[in-house]
Amino acid sequence: MILYAANFVEEVDLAFYVIYGMSILLLLLMTAFMVWAVVKFNKKKHPKPEHVPDNTKLEVTWTVIPVILVFVMFYYGWAGYQPMRDFPDQAITIDATGRMFDWSFKYENGKANNELIVPVGQNVIVNLYSPDVLHSLYIPAFRLKEDVVPGVDNRMWFQAMEEGTYDIFCAEYCGASHSYMLSKVKVLSQADYDAWLAEVPDLEGDPAAAGEALLQQQGCQACHSYDGTARVGPTFKGLWNSTRVVVTPEGATREVRADEAYITAAIYKPNDQVVQGFNPNMMQSYDGRITQEQVAQIIEYLKSLE
Ligand SMILES: [Cu+2]
């Protein structure tokens with residue numbers, strides 16, 4: 001028995017193989033016919049043009065057969081697609097937000113994560129939101145791809161059938177770091193999922209750990225590494241208290257120290273001072289998404305990164 005990662009895989013694959021099989025068959029038949037025609041109607045054998053009379057039977061045949069083939073393809077395509085748009089009444093609902101350039105997933109109990117954690121064998125509805133540009137949530141192993149459009153309430157659903165970890169891509173070109181807009185679906189057993197969902201880390205009294213969790217949740221690592229490599233934005237490693245040359249929107253450069261004021265400004269008004277060598281306007285303001293208190297937690301975590 002073949003094991004499928006999710007409920008739609010079997011039908012989507014069937015539609016694919018039906019169309020693929022027909023394409024191969026048609027390719028072979030047409031190529032064979034062309035070769036036969038080249039030999040049969042060779043100019044040496046037929047030096048003068050000859051009148052070829054109508055053949056109604058032949059014309060009807062080559063119209064009706066392709067029409068039937070196209071409808072067969074349509075049938076399998078529709079049979080695979082229709083259930084994806086037929087949403088179940090009973091389902092876990094997760095809000096997914098795609099933004100330049102990361103994914104975040106919010107659960108009914110308020111828990112947020114930058115990976116999609118789901119239980120095996122349960123219906124999951126994923127609401128899709130984008131605050132900025134077009135993205136597309138693509139889970140190849142589940143044969144699912146749905147556009148994430150600003151201002152449009154789109155959604156997808158699935159039922160994972162195999163525990164494991166699967167890739168998530170953004171399948172709609174959304175900017176310079178589109179190809180870094182990666183995440184994972186983790187399919188857990190029901191018990192592991194329940195435990196994961198209920199687990200709210202107690203970060204009270206540990207601002208650095210709270211800051212780290214927040215950066216994780218917001219997907220900051222998509223653009224800012226922890227290990228010194230430059231991505232779309234500068235690395236977090238060694239950032240705290242370092243001296244940096246920044247460029248203002250007017251093009252002036254100046255030297256600043258990465259202190260509290262600088263980091264706060266970098267989160268709330270990221271484009272007012274862009275580190276030299278990095279492209280401006282790559283980051284949106286996190287004003288309204290990260291509180292002052294959370295900025296302080298992030299700063300505590302950055303201090304620990306030296
Ligand atoms: Cu994207």
# chains A, B, ... in the order shown; residues from 1 in each chain; ligands from 1

$ closest_atom_pairs --of "chain A" --to "ligand 1" --cutoff "7 Å" --atoms "only C-alpha atoms and all ligand atoms" --output "tab-separated table"
residue	atom	partner	partner_atom_place_in_ligand_line	distance
A:Gly98	CA	ligand 1	1 (Cu)	6.5
A:Arg99	CA	ligand 1	1 (Cu)	6.4
A:Met100	CA	ligand 1	1 (Cu)	6.0
A:Phe101	CA	ligand 1	1 (Cu)	6.0
A:Leu134	CA	ligand 1	1 (Cu)	6.6
A:His135	CA	ligand 1	1 (Cu)	4.0
A:Ser136	CA	ligand 1	1 (Cu)	6.3
A:Cys170	CA	ligand 1	1 (Cu)	4.7
A:Ala171	CA	ligand 1	1 (Cu)	6.8
A:Glu172	CA	ligand 1	1 (Cu)	5.8
A:Tyr173	CA	ligand 1	1 (Cu)	6.0
A:Cys174	CA	ligand 1	1 (Cu)	4.5
A:His178	CA	ligand 1	1 (Cu)	5.1
A:Met181	CA	ligand 1	1 (Cu)	6.0

$ residues_around --residues "Tyr75 in chain A" --least-positions-apart "5" --cutoff "12 Å" --atoms "only C-alpha atoms" --output "list in words"
Glu11, Val12, Leu14, Ala15, Phe16, Val18, Ile19, Ile68, Leu69, Val70, Gly80, Tyr81 and Gln82 of chain A

$ select_by_dssp --residues "range 240-303 of chain A" --states "strand (DSSP E or B)" --output "PyMOL selection string"
chain A and resi 243-247+253-257+274-275+287+290

$ select_by_dssp --residues "range 40-216 of chain A" --states "alpha helix (DSSP H)" --output "PyMOL selection string"
chain A and resi 40+56-81+190-198+207-216

$ residues_around --residues "Gln216 in chain A" --least-positions-apart "3" --cutoff "10 Å" --atoms "only C-alpha atoms" --output "MDAnalysis selection string"
chainID A and resid 104 112:115 210:213 219:222

$ atom_distance --atom1 "CA of Ile65 in chain A" --atom2 "CA of Pro53 in chain A"
21.7 Å

$ closest_residue --among "A:Gln159, A:Ser177, A:Gln190, A:Asn127" --to "Glu146 in chain A" --atoms "only C-alpha atoms"
A:Asn127

$ residues_around --residues "Tyr226 in chain A" --least-positions-apart "2" --cutoff "7 Å" --atoms "only C-alpha atoms" --output "compact mmCIF listing (two decimals) with N, CA and C atoms, in the first residue's frame"
# COMPACT_ATOMS: atom_id res chain seq x y z
N HIS A 224 17.76 37.92 9.10
CA HIS A 224 18.88 38.21 10.01
C HIS A 224 19.39 36.92 10.62
N GLY A 228 26.49 35.22 11.94
CA GLY A 228 27.46 36.11 11.31
C GLY A 228 27.31 36.24 9.81
N THR A 235 23.52 40.48 10.18
CA THR A 235 23.39 39.40 11.17
C THR A 235 23.15 39.99 12.55
N PHE A 236 22.55 39.18 13.45
CA PHE A 236 22.35 39.60 14.84
C PHE A 236 23.61 39.36 15.67
N LYS A 237 24.49 38.50 15.15
CA LYS A 237 25.68 38.15 15.94
C LYS A 237 26.61 39.35 16.08

$ atom_distance --atom1 "CA of Phe142 in chain A" --atom2 "CA of Lys111 in chain A"
23.8 Å

$ decode --residues "range 83-204 of chain A" --atoms "C-alpha atoms" --output "PDB file, in the first residue's frame"
ATOM      1  CA  PRO A  83     -12.473  18.424  -2.720  1.00  0.00           C
ATOM      2  CA  MET A  84      -9.824  21.072  -1.999  1.00  0.00           C
ATOM      3  CA  ARG A  85     -12.546  23.734  -2.219  1.00  0.00           C
ATOM      4  CA  ASP A  86     -15.068  21.712  -0.242  1.00  0.00           C
ATOM      5  CA  PHE A  87     -14.257  22.765   3.312  1.00  0.00           C
ATOM      6  CA  PRO A  88     -15.024  20.451   6.239  1.00  0.00           C
ATOM      7  CA  ASP A  89     -17.264  21.633   9.104  1.00  0.00           C
ATOM      8  CA  GLN A  90     -15.048  20.148  11.783  1.00  0.00           C
ATOM      9  CA  ALA A  91     -11.483  21.385  11.569  1.00  0.00           C
ATOM     10  CA  ILE A  92      -8.620  22.968  13.421  1.00  0.00           C
ATOM     11  CA  THR A  93      -8.304  26.554  12.185  1.00  0.00           C
ATOM     12  CA  ILE A  94      -4.899  28.162  11.854  1.00  0.00           C
ATOM     13  CA  ASP A  95      -4.196  31.696  10.612  1.00  0.00           C
ATOM     14  CA  ALA A  96      -1.202  31.855   8.299  1.00  0.00           C
ATOM     15  CA  THR A  97       0.439  35.165   7.486  1.00  0.00           C
ATOM     16  CA  GLY A  98       2.903  35.447   4.667  1.00  0.00           C
ATOM     17  CA  ARG A  99       4.953  38.589   4.542  1.00  0.00           C
ATOM     18  CA  MET A 100       8.247  39.651   3.045  1.00  0.00           C
ATOM     19  CA  PHE A 101       9.940  37.256   3.782  1.00  0.00           C
ATOM     20  CA  ASP A 102       8.609  34.773   6.267  1.00  0.00           C
ATOM     21  CA  TRP A 103       5.603  32.739   7.318  1.00  0.00           C
ATOM     22  CA  SER A 104       3.907  32.801  10.690  1.00  0.00           C
ATOM     23  CA  PHE A 105       1.100  30.607  11.955  1.00  0.00           C
ATOM     24  CA  LYS A 106      -1.315  31.510  14.706  1.00  0.00           C
ATOM     25  CA  TYR A 107      -3.420  28.964  16.582  1.00  0.00           C
ATOM     26  CA  GLU A 108      -6.873  29.226  18.127  1.00  0.00           C
ATOM     27  CA  ASN A 109      -5.418  29.442  21.631  1.00  0.00           C
ATOM     28  CA  GLY A 110      -3.225  32.390  20.636  1.00  0.00           C
ATOM     29  CA  LYS A 111      -0.009  30.416  20.258  1.00  0.00           C
ATOM     30  CA  ALA A 112       2.106  31.566  17.330  1.00  0.00           C
ATOM     31  CA  ASN A 113       4.893  29.785  15.539  1.00  0.00           C
ATOM     32  CA  ASN A 114       6.955  30.171  12.382  1.00  0.00           C
ATOM     33  CA  GLU A 115       6.426  26.520  11.438  1.00  0.00           C
ATOM     34  CA  LEU A 116       3.087  24.893  10.742  1.00  0.00           C
ATOM     35  CA  ILE A 117       2.543  22.226  13.403  1.00  0.00           C
ATOM     36  CA  VAL A 118      -0.458  19.958  12.802  1.00  0.00           C
ATOM     37  CA  PRO A 119      -1.752  16.651  14.156  1.00  0.00           C
ATOM     38  CA  VAL A 120      -1.975  13.610  11.914  1.00  0.00           C
ATOM     39  CA  GLY A 121      -5.422  12.545  10.691  1.00  0.00           C
ATOM     40  CA  GLN A 122      -7.247  15.788  11.517  1.00  0.00           C
ATOM     41  CA  ASN A 123      -8.850  18.326   9.230  1.00  0.00           C
ATOM     42  CA  VAL A 124      -6.908  21.567   9.227  1.00  0.00           C
ATOM     43  CA  ILE A 125      -8.162  24.813   7.696  1.00  0.00           C
ATOM     44  CA  VAL A 126      -5.469  27.411   7.064  1.00  0.00           C
ATOM     45  CA  ASN A 127      -6.663  31.002   6.617  1.00  0.00           C
ATOM     46  CA  LEU A 128      -4.266  32.934   4.433  1.00  0.00           C
ATOM     47  CA  TYR A 129      -3.328  36.560   5.027  1.00  0.00           C
ATOM     48  CA  SER A 130      -0.772  38.909   3.554  1.00  0.00           C
ATOM     49  CA  PRO A 131      -0.092  42.420   4.854  1.00  0.00           C
ATOM     50  CA  ASP A 132       2.135  43.397   1.932  1.00  0.00           C
ATOM     51  CA  VAL A 133       2.323  41.704  -1.483  1.00  0.00           C
ATOM     52  CA  LEU A 134       1.272  38.492  -3.241  1.00  0.00           C
ATOM     53  CA  HIS A 135       2.636  35.283  -1.791  1.00  0.00           C
ATOM     54  CA  SER A 136       1.637  31.679  -2.289  1.00  0.00           C
ATOM     55  CA  LEU A 137       1.669  28.994   0.373  1.00  0.00           C
ATOM     56  CA  TYR A 138       3.041  25.892  -1.287  1.00  0.00           C
ATOM     57  CA  ILE A 139       3.341  22.469   0.373  1.00  0.00           C
ATOM     58  CA  PRO A 140       4.609  20.187  -2.409  1.00  0.00           C
ATOM     59  CA  ALA A 141       4.301  16.970  -0.380  1.00  0.00           C
ATOM     60  CA  PHE A 142       0.599  17.721   0.170  1.00  0.00           C
ATOM     61  CA  ARG A 143       0.116  18.813  -3.489  1.00  0.00           C
ATOM     62  CA  LEU A 144      -1.277  22.101  -2.187  1.00  0.00           C
ATOM     63  CA  LYS A 145      -0.603  25.620  -3.410  1.00  0.00           C
ATOM     64  CA  GLU A 146      -2.812  28.592  -2.656  1.00  0.00           C
ATOM     65  CA  ASP A 147      -2.245  32.280  -3.328  1.00  0.00           C
ATOM     66  CA  VAL A 148      -1.983  34.631  -0.362  1.00  0.00           C
ATOM     67  CA  VAL A 149      -3.379  37.954  -1.525  1.00  0.00           C
ATOM     68  CA  PRO A 150      -3.501  41.223   0.436  1.00  0.00           C
ATOM     69  CA  GLY A 151      -7.118  42.171   1.143  1.00  0.00           C
ATOM     70  CA  VAL A 152      -8.517  38.816   0.023  1.00  0.00           C
ATOM     71  CA  ASP A 153      -9.644  36.177   2.508  1.00  0.00           C
ATOM     72  CA  ASN A 154      -8.358  33.004   0.944  1.00  0.00           C
ATOM     73  CA  ARG A 155      -7.948  29.673   2.687  1.00  0.00           C
ATOM     74  CA  MET A 156      -6.899  26.080   2.151  1.00  0.00           C
ATOM     75  CA  TRP A 157      -7.523  22.837   3.973  1.00  0.00           C
ATOM     76  CA  PHE A 158      -5.961  19.419   4.243  1.00  0.00           C
ATOM     77  CA  GLN A 159      -5.654  16.364   6.382  1.00  0.00           C
ATOM     78  CA  ALA A 160      -2.099  15.172   6.981  1.00  0.00           C
ATOM     79  CA  MET A 161      -1.878  11.388   6.819  1.00  0.00           C
ATOM     80  CA  GLU A 162       1.755  10.678   7.650  1.00  0.00           C
ATOM     81  CA  GLU A 163       3.787  11.989  10.552  1.00  0.00           C
ATOM     82  CA  GLY A 164       6.880  13.794   9.375  1.00  0.00           C
ATOM     83  CA  THR A 165       8.384  17.095   8.315  1.00  0.00           C
ATOM     84  CA  TYR A 166       7.583  18.632   4.949  1.00  0.00           C
ATOM     85  CA  ASP A 167       8.750  21.763   3.125  1.00  0.00           C
ATOM     86  CA  ILE A 168       6.817  24.985   2.751  1.00  0.00           C
ATOM     87  CA  PHE A 169       7.780  27.367  -0.040  1.00  0.00           C
ATOM     88  CA  CYS A 170       6.508  30.705  -1.236  1.00  0.00           C
ATOM     89  CA  ALA A 171       5.459  30.054  -4.831  1.00  0.00           C
ATOM     90  CA  GLU A 172       4.718  33.618  -5.898  1.00  0.00           C
ATOM     91  CA  TYR A 173       7.685  35.882  -6.586  1.00  0.00           C
ATOM     92  CA  CYS A 174       7.416  38.500  -3.845  1.00  0.00           C
ATOM     93  CA  GLY A 175      10.748  40.320  -3.792  1.00  0.00           C
ATOM     94  CA  ALA A 176      14.485  39.982  -3.392  1.00  0.00           C
ATOM     95  CA  SER A 177      14.388  37.294  -0.689  1.00  0.00           C
ATOM     96  CA  HIS A 178      11.479  35.310  -2.077  1.00  0.00           C
ATOM     97  CA  SER A 179      13.651  32.208  -2.250  1.00  0.00           C
ATOM     98  CA  TYR A 180      14.425  32.465   1.477  1.00  0.00           C
ATOM     99  CA  MET A 181      10.751  32.489   2.364  1.00  0.00           C
ATOM    100  CA  LEU A 182      10.862  28.909   3.624  1.00  0.00           C
ATOM    101  CA  SER A 183       9.228  27.031   6.427  1.00  0.00           C
ATOM    102  CA  LYS A 184       8.161  23.507   7.412  1.00  0.00           C
ATOM    103  CA  VAL A 185       4.996  21.586   8.133  1.00  0.00           C
ATOM    104  CA  LYS A 186       5.513  19.283  11.078  1.00  0.00           C
ATOM    105  CA  VAL A 187       2.932  16.542  11.352  1.00  0.00           C
ATOM    106  CA  LEU A 188       2.803  15.164  14.899  1.00  0.00           C
ATOM    107  CA  SER A 189       0.789  12.454  16.608  1.00  0.00           C
ATOM    108  CA  GLN A 190      -2.350  13.754  18.306  1.00  0.00           C
ATOM    109  CA  ALA A 191      -0.738  13.405  21.745  1.00  0.00           C
ATOM    110  CA  ASP A 192       2.430  15.261  20.708  1.00  0.00           C
ATOM    111  CA  TYR A 193       0.365  17.961  19.041  1.00  0.00           C
ATOM    112  CA  ASP A 194      -1.820  18.475  22.114  1.00  0.00           C
ATOM    113  CA  ALA A 195       1.273  18.686  24.290  1.00  0.00           C
ATOM    114  CA  TRP A 196       2.927  21.154  21.910  1.00  0.00           C
ATOM    115  CA  LEU A 197      -0.165  23.347  21.689  1.00  0.00           C
ATOM    116  CA  ALA A 198      -0.682  23.439  25.451  1.00  0.00           C
ATOM    117  CA  GLU A 199       2.940  24.222  26.146  1.00  0.00           C
ATOM    118  CA  VAL A 200       3.296  27.922  26.748  1.00  0.00           C
ATOM    119  CA  PRO A 201       6.894  28.535  27.755  1.00  0.00           C
ATOM    120  CA  ASP A 202       7.189  30.324  31.061  1.00  0.00           C
ATOM    121  CA  LEU A 203       9.405  33.209  30.074  1.00  0.00           C
ATOM    122  CA  GLU A 204       8.502  35.418  32.989  1.00  0.00           C
TER     123      GLU A 204
END
